[in-house]
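Novice: See query06.txt below, with compact mmCIF, C-alpha atoms.
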```txt
# COMPACT_ATOMS: atom_id res chain seq x y z
CA MET V 1 -27.27 5.62 1.74
CA GLY V 2 -24.08 6.37 3.64
CA ARG V 3 -20.56 7.15 2.60
CA VAL V 4 -17.26 6.42 4.34
CA VAL V 5 -14.00 8.18 3.49
CA VAL V 6 -10.75 6.23 3.81
CA ASP V 7 -7.58 8.29 3.50
CA VAL V 8 -4.26 6.64 2.69
CA MET V 9 -0.90 8.44 2.80
CA PRO V 10 2.68 7.35 2.10
CA LYS V 11 4.55 6.53 5.32
CA PRO V 12 6.53 9.60 6.48
CA GLU V 13 9.88 7.96 5.79
CA ILE V 14 8.90 7.07 2.21
CA LEU V 15 10.14 9.41 -0.56
CA ASP V 16 7.20 11.21 -2.18
CA PRO V 17 8.41 12.47 -5.58
CA GLN V 18 4.94 13.65 -6.60
CA GLY V 19 4.60 15.69 -3.46
CA LYS V 20 8.07 17.16 -3.96
CA ALA V 21 7.25 18.11 -7.57
CA VAL V 22 4.06 19.87 -6.47
CA ALA V 23 5.87 21.60 -3.60
CA GLY V 24 8.42 22.87 -6.09
CA ALA V 25 5.78 24.19 -8.50
CA LEU V 26 3.55 25.99 -5.99
CA PRO V 27 5.83 29.00 -5.29
CA ARG V 28 6.31 29.58 -9.03
CA LEU V 29 2.51 29.69 -9.37
CA GLY V 30 2.06 32.22 -6.60
CA PHE V 31 1.54 29.91 -3.62
CA ALA V 32 4.56 30.55 -1.41
CA GLN V 33 2.84 29.71 1.91
CA PHE V 34 3.47 25.99 1.83
CA SER V 35 6.75 24.47 3.03
CA SER V 36 6.00 20.91 1.87
CA VAL V 37 3.35 18.84 0.09
CA ARG V 38 2.57 15.15 0.33
CA GLN V 39 0.17 13.32 -1.95
CA GLY V 40 -1.94 10.28 -1.01
CA LYS V 41 -5.25 8.70 -1.89
CA ARG V 42 -8.81 9.38 -0.83
CA PHE V 43 -11.38 6.60 -1.20
CA GLU V 44 -15.14 7.09 -0.91
CA LEU V 45 -16.95 3.84 -0.06
CA GLU V 46 -20.74 3.89 -0.31
CA VAL V 47 -23.06 1.64 1.71
CA ASP V 48 -26.76 1.13 1.17
CA GLY V 49 -27.69 1.52 4.86
CA PRO V 50 -26.44 3.84 7.62
CA VAL V 51 -22.76 4.10 8.55
CA THR V 52 -22.53 2.00 11.73
CA ASP V 53 -19.44 1.21 13.83
CA GLU V 54 -19.28 -2.15 12.04
CA VAL V 55 -19.23 -0.39 8.67
CA LEU V 56 -16.44 1.94 9.86
CA ALA V 57 -14.45 -1.06 11.15
CA ALA V 58 -14.93 -2.88 7.83
CA ALA V 59 -13.85 0.25 5.94
CA ARG V 60 -10.67 0.49 8.04
CA ALA V 61 -9.94 -3.20 7.48
CA ALA V 62 -10.55 -2.79 3.73
CA GLY V 63 -8.24 0.22 3.83
CA GLU V 64 -5.47 -1.72 5.51
CA GLN V 65 -5.86 -4.93 3.48
CA VAL V 66 -7.01 -3.80 0.02
CA LEU V 67 -6.81 -0.03 -0.46
CA SER V 68 -3.25 0.49 0.76
CA ASN V 69 0.15 -1.17 0.61
CA PRO V 70 1.04 -1.59 4.30
CA VAL V 71 4.75 -1.66 3.48
CA ILE V 72 4.82 1.93 2.22
CA GLU V 73 1.43 3.42 3.17
CA ASP V 74 -0.65 4.18 6.28
CA VAL V 75 -4.43 4.46 6.59
CA VAL V 76 -4.55 7.89 8.25
CA ALA V 77 -8.27 8.53 8.49
CA VAL V 78 -11.58 6.63 8.31
CA TYR V 79 -14.74 8.66 8.84
CA GLU V 80 -18.34 9.09 7.71
CA ASP V 81 -18.66 11.72 4.97
CA THR V 82 -21.60 13.72 6.26
CA ASP V 83 -20.86 17.20 4.90
CA ALA V 84 -23.31 19.08 2.77
CA GLU V 85 -21.30 18.43 -0.37
CA VAL V 86 -22.37 14.81 -0.19
CA ALA V 87 -26.01 15.87 -0.50
CA ALA V 88 -25.16 18.21 -3.37
CA ARG V 89 -23.54 15.48 -5.45
CA MET H 90 3.74 24.20 12.09
CA GLY H 91 0.32 23.63 10.60
CA ARG H 92 -1.07 21.24 8.04
CA VAL H 93 -3.93 21.67 5.58
CA VAL H 94 -5.62 18.75 3.83
CA VAL H 95 -6.96 19.29 0.30
CA ASP H 96 -9.14 16.49 -1.05
CA VAL H 97 -9.73 16.13 -4.79
CA MET H 98 -12.26 13.71 -6.31
CA PRO H 99 -13.28 12.91 -9.90
CA LYS H 100 -16.49 14.73 -10.87
CA PRO H 101 -19.51 12.43 -10.32
CA GLU H 102 -20.19 12.11 -14.03
CA ILE H 103 -16.59 11.07 -14.81
CA LEU H 104 -15.94 7.32 -15.23
CA ASP H 105 -13.73 6.04 -12.40
CA PRO H 106 -12.19 2.74 -13.60
CA GLN H 107 -9.91 2.47 -10.55
CA GLY H 108 -12.85 2.84 -8.22
CA LYS H 109 -14.84 0.27 -10.19
CA ALA H 110 -11.94 -2.20 -10.07
CA VAL H 111 -11.67 -1.82 -6.29
CA ALA H 112 -15.45 -2.10 -5.87
CA GLY H 113 -15.33 -5.35 -7.84
CA ALA H 114 -12.50 -6.79 -5.74
CA LEU H 115 -13.83 -5.94 -2.27
CA PRO H 116 -16.63 -8.57 -2.13
CA ARG H 117 -14.20 -11.31 -3.23
CA LEU H 118 -11.92 -10.30 -0.35
CA GLY H 119 -14.68 -10.46 2.25
CA PHE H 120 -15.92 -6.87 2.17
CA ALA H 121 -19.46 -7.09 0.84
CA GLN H 122 -20.83 -3.99 2.65
CA PHE H 123 -19.82 -1.47 0.02
CA SER H 124 -22.01 -0.77 -3.02
CA SER H 125 -19.50 1.49 -4.81
CA VAL H 126 -16.00 2.93 -4.45
CA ARG H 127 -14.50 6.11 -5.88
CA GLN H 128 -10.82 6.99 -5.72
CA GLY H 129 -9.37 10.51 -5.58
CA LYS H 130 -6.37 12.31 -4.17
CA ARG H 131 -5.51 13.63 -0.73
CA PHE H 132 -2.88 16.37 -0.44
CA GLU H 133 -1.26 17.45 2.81
CA LEU H 134 0.17 20.99 2.60
CA GLU H 135 2.39 22.09 5.49
CA VAL H 136 2.85 25.72 6.57
CA ASP H 137 5.43 27.06 8.98
CA GLY H 138 2.97 29.19 10.98
CA PRO H 139 -0.63 28.58 12.14
CA VAL H 140 -3.42 27.66 9.71
CA THR H 141 -5.27 30.97 9.25
CA ASP H 142 -8.28 31.72 7.03
CA GLU H 143 -5.84 33.16 4.49
CA VAL H 144 -3.88 29.89 4.48
CA LEU H 145 -7.09 27.88 3.99
CA ALA H 146 -8.13 30.19 1.13
CA ALA H 147 -4.69 29.81 -0.48
CA ALA H 148 -4.89 26.02 -0.09
CA ARG H 149 -8.32 25.96 -1.80
CA ALA H 150 -6.99 28.16 -4.62
CA ALA H 151 -3.93 25.92 -5.00
CA GLY H 152 -6.29 22.93 -5.04
CA GLU H 153 -8.41 24.42 -7.80
CA GLN H 154 -5.53 25.80 -9.89
CA VAL H 155 -2.64 23.36 -9.37
CA LEU H 156 -3.66 20.20 -7.53
CA SER H 157 -6.71 19.31 -9.61
CA ASN H 158 -7.85 19.31 -13.21
CA PRO H 159 -11.04 21.41 -13.07
CA VAL H 160 -12.38 19.73 -16.21
CA ILE H 161 -12.66 16.30 -14.57
CA GLU H 162 -12.08 16.88 -10.86
CA ASP H 163 -13.61 18.78 -7.93
CA VAL H 164 -11.91 20.05 -4.77
CA VAL H 165 -14.30 18.46 -2.26
CA ALA H 166 -12.69 19.38 1.05
CA VAL H 167 -10.11 21.81 2.45
CA TYR H 168 -9.50 21.67 6.21
CA GLU H 169 -6.85 21.94 8.89
CA ASP H 170 -5.47 18.53 9.85
CA THR H 171 -5.54 18.78 13.63
CA ASP H 172 -6.11 15.14 14.67
CA ALA H 173 -3.75 13.35 17.01
CA GLU H 174 -2.18 11.40 14.18
CA VAL H 175 -0.52 14.59 13.00
CA ALA H 176 1.31 14.81 16.33
CA ALA H 177 2.27 11.17 16.17
CA ARG H 178 3.91 11.46 12.75
```
What does the file become when written as structure tokens?
Specialist:
Amino acid sequence: MGRVVVDVMPKPEILDPQGKAVAGALPRLGFAQFSSVRQGKRFELEVDGPVTDEVLAAARAAGEQVLSNPVIEDVVAVYEDTDAEVAAR
Amino acid sequence: MGRVVVDVMPKPEILDPQGKAVAGALPRLGFAQFSSVRQGKRFELEVDGPVTDEVLAAARAAGEQVLSNPVIEDVVAVYEDTDAEVAAR
């Protein structure tokens, strides 16, 4: 069983009200280190077999065609989720 | 200028209707490789200086206290975003 992560973010020029709201709240809650925040989506796609190059290419295509709106969003990362936390879940 | 990514996912036992809806649509759109899909959030937090261990610790704390609902969500990854796409944006 393999897992692929597809990360989608708003295009840089697109207004991100959620990110702005979070950025505004963080200093009040004691987190003054961060100058800005942007919020996007993280998808975890599971496959029954191993994560091959074909699976990664299909995940990127699914990201671009189904999981994001290409007018306002970019697929910024597609990678196999191999970290230990996968095993723990 | 540095950037930290904080990834938040629904806890495994939490129903994920959005993920189920996407998983149902993918085969109809030609993507039959994926057995399940889960959807979470990706936050990009920018800092003016370098990403130090303290910054990463603050980002994880912000993730757990502000960016996620600990009852139904887990912070699954906190890392410095160093890939080339950062430079390109």
Novice: Considering all atoms listed in the file, can you say which of H:Ala147, H:Met98, H:Ala114, H:Leu156 comes closest to H:Tyr168?
Specialist: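 Smallest separation from H:Tyr168 among the options: H:Ala147.
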Novice: Return the neighbours of chain V among the residues of chain H, cut-off 10 Å, counting all atoms listed in the file, as an MDAnalysis selection string.
Specialist: chainID H and resid 90:98 100:102 108 111:112 114:115 118:138 143:144 147:148 150:151 154:156 165:166 172 174:175 178
Novice: In Å, rounded to a single decimal, give me how far atom CA of H:Ala146 is from atom CA of H:Glu169.
Specialist: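 Atom-to-atom, atom CA of H:Glu169 and atom CA of H:Ala146 are spaced 11.4 Å apart.
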Novice: Could you please determine the separation between atom CA of V:Ile14 and atom CA of V:Glu73 in Å, to one decimal place?
Specialist: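 Computed distance, atom CA of V:Ile14 to atom CA of V:Glu73, equals 8.4 Å.
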Novice: Using Å and a single decimal, report how far atom CA of V:Val78 sits from atom CA of V:Leu56.
Specialist: 6.9 Å
Novice: Would you fill the gaps in stretch 110-127 of chain H so it has N, CA, C and O atoms, then print it as a tab-separated table (two decimals), in the coordinates of the input?
Specialist:
```tsv
chain	number	residue	atom	x	y	z
H	110	ALA	N	-12.76	-0.99	-10.26
H	110	ALA	CA	-11.94	-2.20	-10.07
H	110	ALA	C	-11.89	-2.56	-8.59
H	110	ALA	O	-12.05	-3.72	-8.20
H	111	VAL	N	-11.73	-1.56	-7.73
H	111	VAL	CA	-11.67	-1.82	-6.29
H	111	VAL	C	-13.03	-2.33	-5.81
H	111	VAL	O	-13.12	-3.31	-5.06
H	112	ALA	N	-14.10	-1.69	-6.29
H	112	ALA	CA	-15.45	-2.10	-5.87
H	112	ALA	C	-15.71	-3.55	-6.26
H	112	ALA	O	-16.36	-4.31	-5.53
H	113	GLY	N	-15.16	-3.97	-7.39
H	113	GLY	CA	-15.33	-5.35	-7.84
H	113	GLY	C	-14.54	-6.33	-7.00
H	113	GLY	O	-14.97	-7.45	-6.75
H	114	ALA	N	-13.37	-5.90	-6.51
H	114	ALA	CA	-12.50	-6.79	-5.74
H	114	ALA	C	-12.96	-6.95	-4.29
H	114	ALA	O	-12.80	-8.01	-3.69
H	115	LEU	N	-13.52	-5.91	-3.72
H	115	LEU	CA	-13.83	-5.94	-2.27
H	115	LEU	C	-14.70	-7.14	-1.86
H	115	LEU	O	-14.34	-7.85	-0.92
H	116	PRO	N	-15.82	-7.43	-2.58
H	116	PRO	CA	-16.63	-8.57	-2.13
H	116	PRO	C	-15.84	-9.88	-2.15
H	116	PRO	O	-15.95	-10.71	-1.25
H	117	ARG	N	-15.00	-10.06	-3.15
H	117	ARG	CA	-14.20	-11.31	-3.23
H	117	ARG	C	-13.24	-11.42	-2.06
H	117	ARG	O	-12.82	-12.50	-1.67
H	118	LEU	N	-12.90	-10.29	-1.45
H	118	LEU	CA	-11.92	-10.30	-0.35
H	118	LEU	C	-12.63	-10.20	1.01
H	118	LEU	O	-12.01	-9.91	2.03
H	119	GLY	N	-13.96	-10.39	0.98
H	119	GLY	CA	-14.68	-10.46	2.25
H	119	GLY	C	-15.32	-9.15	2.68
H	119	GLY	O	-15.79	-9.03	3.80
H	120	PHE	N	-15.32	-8.17	1.81
H	120	PHE	CA	-15.92	-6.87	2.17
H	120	PHE	C	-17.13	-6.62	1.27
H	120	PHE	O	-17.03	-5.96	0.23
H	121	ALA	N	-18.27	-7.17	1.70
H	121	ALA	CA	-19.46	-7.09	0.84
H	121	ALA	C	-20.35	-5.90	1.19
H	121	ALA	O	-21.37	-5.67	0.56
H	122	GLN	N	-19.96	-5.09	2.18
H	122	GLN	CA	-20.83	-3.99	2.65
H	122	GLN	C	-20.93	-2.84	1.66
H	122	GLN	O	-21.86	-2.05	1.71
H	123	PHE	N	-19.94	-2.73	0.76
H	123	PHE	CA	-19.82	-1.47	0.02
H	123	PHE	C	-20.39	-1.57	-1.39
H	123	PHE	O	-20.01	-2.45	-2.16
H	124	SER	N	-21.33	-0.68	-1.73
H	124	SER	CA	-22.01	-0.77	-3.02
H	124	SER	C	-21.19	-0.10	-4.13
H	124	SER	O	-21.31	-0.45	-5.30
H	125	SER	N	-20.37	0.89	-3.78
H	125	SER	CA	-19.50	1.49	-4.81
H	125	SER	C	-18.29	2.13	-4.14
H	125	SER	O	-18.30	2.41	-2.94
H	126	VAL	N	-17.25	2.33	-4.95
H	126	VAL	CA	-16.00	2.93	-4.45
H	126	VAL	C	-15.55	3.97	-5.47
H	126	VAL	O	-15.64	3.74	-6.68
H	127	ARG	N	-15.11	5.14	-4.98
H	127	ARG	CA	-14.50	6.11	-5.88
H	127	ARG	C	-13.14	6.47	-5.30
H	127	ARG	O	-12.98	6.55	-4.08
```
